[in-house]
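Colleague: Questions regarding the structure given below will be posed in turn.
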Amino acid sequence: MFGRLLPNSLTLRAIFFSTIWAAISLVAIASVITALYRSAAEKSFANILSAQLFNLIAASDIDDTGKLTGAPDLGDIRYQQPSSGWYWSVEPVTSKVTGGLKSLSLDGATVASPDPSTVPFTSDFRRNYLADGLDGETLDVYETEVSLGTEDQVARFRVMGNHNEFEAEINEFSRSLYLYLSLFGLGSIAVNALAI
């Protein structure tokens, strides 16, 4: 079949098949590397948001009247830029806790929290979910509920990261990887053709 489709030239046939093999191999390699990079990036992203959630808890408290107090600083300028897609909030859960704390980036707005029946908490009262942001972005939310005083003084802590930025970083890496592998593949094919 290939003999009828391809010219009767060993050189052209060798170049054709080496090109096909290079394309298949490089696409497979790029897919594997991208998947590994995504997995590592997701883990790093989750670790950052989890660490910031613990920092938020450590920097918050309640006073004698049950009002939430504190001035959390998570060390990231994006939590101070309005509608940046990076937010944090501390909200009352029980009636004996009042007030609330929010990052400057929320600019007084609120990000909706799903009902626990829809996104349940784990055994350590934590959960992770995607939510709609203030400017059309998708948020990766890490949330927990903590008792700050008695069992009747529970507050909800949330740290939200811009999931769109994360996806954009993955896509940029993938585009660069495919570009460099394509250049490598074309160079390999050219060297192979010259050798033949």
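Ordering of the structure tokens sets the chain letters (A, B, ...); residue numbers start at 1 within each chain; ligands are numbered from 1 in the order shown.
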Residues of segment 9-192 of chain A classed as helix (DSSP H, G or I) by DSSP on the backbone are to be reported as number ranges by chain.

Modeller: A: 10-58, 77-80, 104-106, 163-192

Colleague: Find the spatial neighbours of segment 158-161 of chain A, counting only C-alpha atoms, within a cut-off of 8 Å - ignore same-chain residues fewer than 4 positions away - and output them as a ChimeraX atom specification.

Modeller: /A:49,52-53,85-90,139-144

Colleague: When you count only C-alpha atoms, which of these residues is closest to Thr110 of chain A: A:Val97, A:Ala131, A:Leu177, A:Ile33?

Modeller: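 Ranked by minimum distance to Thr110 of chain A, first place goes to A:Ala131.
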
Colleague: Between A:Thr11, A:Ser95, A:Ser44, A:Ser103, which is the closest to Leu56 of chain A once you count only C-alpha atoms?

Modeller: A:Ser103

Colleague: Name the residues in contact with Phe184 of chain A at a cut-off of 12 Å, using only C-alpha atoms, excluding same-chain residues fewer than 4 positions from it; report them as an MDAnalysis selection string.

Modeller: chainID A and resid 19 22:23 25:26 177:180 188:191

Colleague: Just want the 8 Å neighbourhood of Glu137 of chain A, counted on only C-alpha atoms, with same-chain residues fewer than 6 positions away dropped. Output as a count of residues only.

Modeller: 4

Colleague: Neighbouring residues of Ile62 of chain A were defined as those with any atom within 10 Å, considering only C-alpha atoms; residues of the same chain fewer than 5 positions away were excluded. Please report them as a compact mmCIF listing (two decimals) with N, CA, C and O atoms, in the first residue's frame.

Modeller:
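After the write, result-v4.txt holds the following:
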# COMPACT_ATOMS: atom_id res chain seq x y z
N LYS A 67 -16.42 39.15 69.18
CA LYS A 67 -16.19 39.77 67.87
C LYS A 67 -14.85 39.31 67.29
O LYS A 67 -13.86 39.23 67.99
N LEU A 68 -14.87 39.01 66.00
CA LEU A 68 -13.64 38.58 65.32
C LEU A 68 -12.65 39.73 65.26
O LEU A 68 -13.01 40.86 64.93
N THR A 69 -11.40 39.44 65.58
CA THR A 69 -10.35 40.45 65.56
C THR A 69 -9.12 39.89 64.86
O THR A 69 -8.98 38.67 64.67
N GLY A 70 -8.21 40.77 64.50
CA GLY A 70 -6.96 40.35 63.88
C GLY A 70 -6.67 41.18 62.63
O GLY A 70 -7.57 41.82 62.07
N VAL A 97 -20.41 34.29 67.67
CA VAL A 97 -19.30 34.96 66.99
C VAL A 97 -19.90 36.06 66.12
O VAL A 97 -20.87 35.83 65.39
N THR A 98 -19.34 37.26 66.18
CA THR A 98 -19.86 38.38 65.40
C THR A 98 -18.74 39.03 64.59
O THR A 98 -17.56 38.72 64.77
N GLY A 99 -19.13 39.93 63.71
CA GLY A 99 -18.15 40.65 62.90
C GLY A 99 -17.67 39.80 61.73
O GLY A 99 -18.34 38.87 61.29
N LEU A 148 -12.83 29.08 68.03
CA LEU A 148 -11.87 30.05 68.54
C LEU A 148 -11.93 30.22 70.05
O LEU A 148 -11.01 30.72 70.66
N GLY A 149 -13.02 29.84 70.63
CA GLY A 149 -13.16 29.93 72.09
C GLY A 149 -13.82 28.68 72.60
O GLY A 149 -13.22 27.62 72.66
N GLN A 153 -18.38 29.01 69.65
CA GLN A 153 -17.73 30.14 68.99
C GLN A 153 -16.89 29.63 67.83
O GLN A 153 -15.68 29.49 67.91
N ALA A 155 -15.82 29.87 63.74
CA ALA A 155 -15.67 30.77 62.59
C ALA A 155 -15.23 29.98 61.37
O ALA A 155 -14.58 28.94 61.48

Colleague: Do you have the atom CA of Asp73 of chain A-atom CA of Asn128 of chain A distance handy?

Modeller: 21.6 Å

Colleague: Rounded to one decimal place, report the atom CA of Leu101 of chain A-atom CA of Ala51 of chain A distance in Å.

Modeller: 18.2 Å

Colleague: Set the distance at 10 Å and use only C-alpha atoms: which residues neighbour Ser83 of chain A once local chain neighbours fewer than 2 positions away are removed? I'd like the list as a CSV table (one decimal) with C-alpha atoms, in the first residue's frame.

Modeller:
chain,number,residue,atom,x,y,z
A,78,ARG,CA,-2.4,40.1,45.4
A,79,TYR,CA,-4.6,39.9,48.5
A,80,GLN,CA,-4.5,43.7,48.6
A,81,GLN,CA,-5.5,44.3,45.0
A,85,GLY,CA,-8.8,36.6,42.2
A,86,TRP,CA,-6.8,36.1,45.5
A,87,TYR,CA,-9.0,36.6,48.6
A,104,LEU,CA,-8.7,44.2,50.8
A,105,SER,CA,-8.9,42.4,47.5
A,106,LEU,CA,-12.5,41.5,48.2
A,107,ASP,CA,-13.4,45.2,48.4
A,109,ALA,CA,-17.8,41.8,48.3
A,133,GLY,CA,-14.9,35.0,41.5
A,134,LEU,CA,-15.8,38.7,41.5
A,135,ASP,CA,-14.5,39.4,38.0
A,136,GLY,CA,-15.6,36.2,36.1
A,137,GLU,CA,-12.5,34.2,37.2

Colleague: Can you pull out every residue from segment 38-135 of chain A that DSSP, working from the backbone, puts in strand (DSSP E or B), and format the result as a list in words?

Modeller: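 The strand (DSSP E or B) subset of segment 38-135 of chain A is Ser60, Asp61, Ile62, Lys67, Leu68, Thr69, Gly70, Tyr87, Trp88, Ser89, Val90, Glu91, Pro92, Thr98, Leu101, Lys102, Arg126, Arg127, Asn128, Tyr129, Leu130, Ala131 and Asp132 of chain A.
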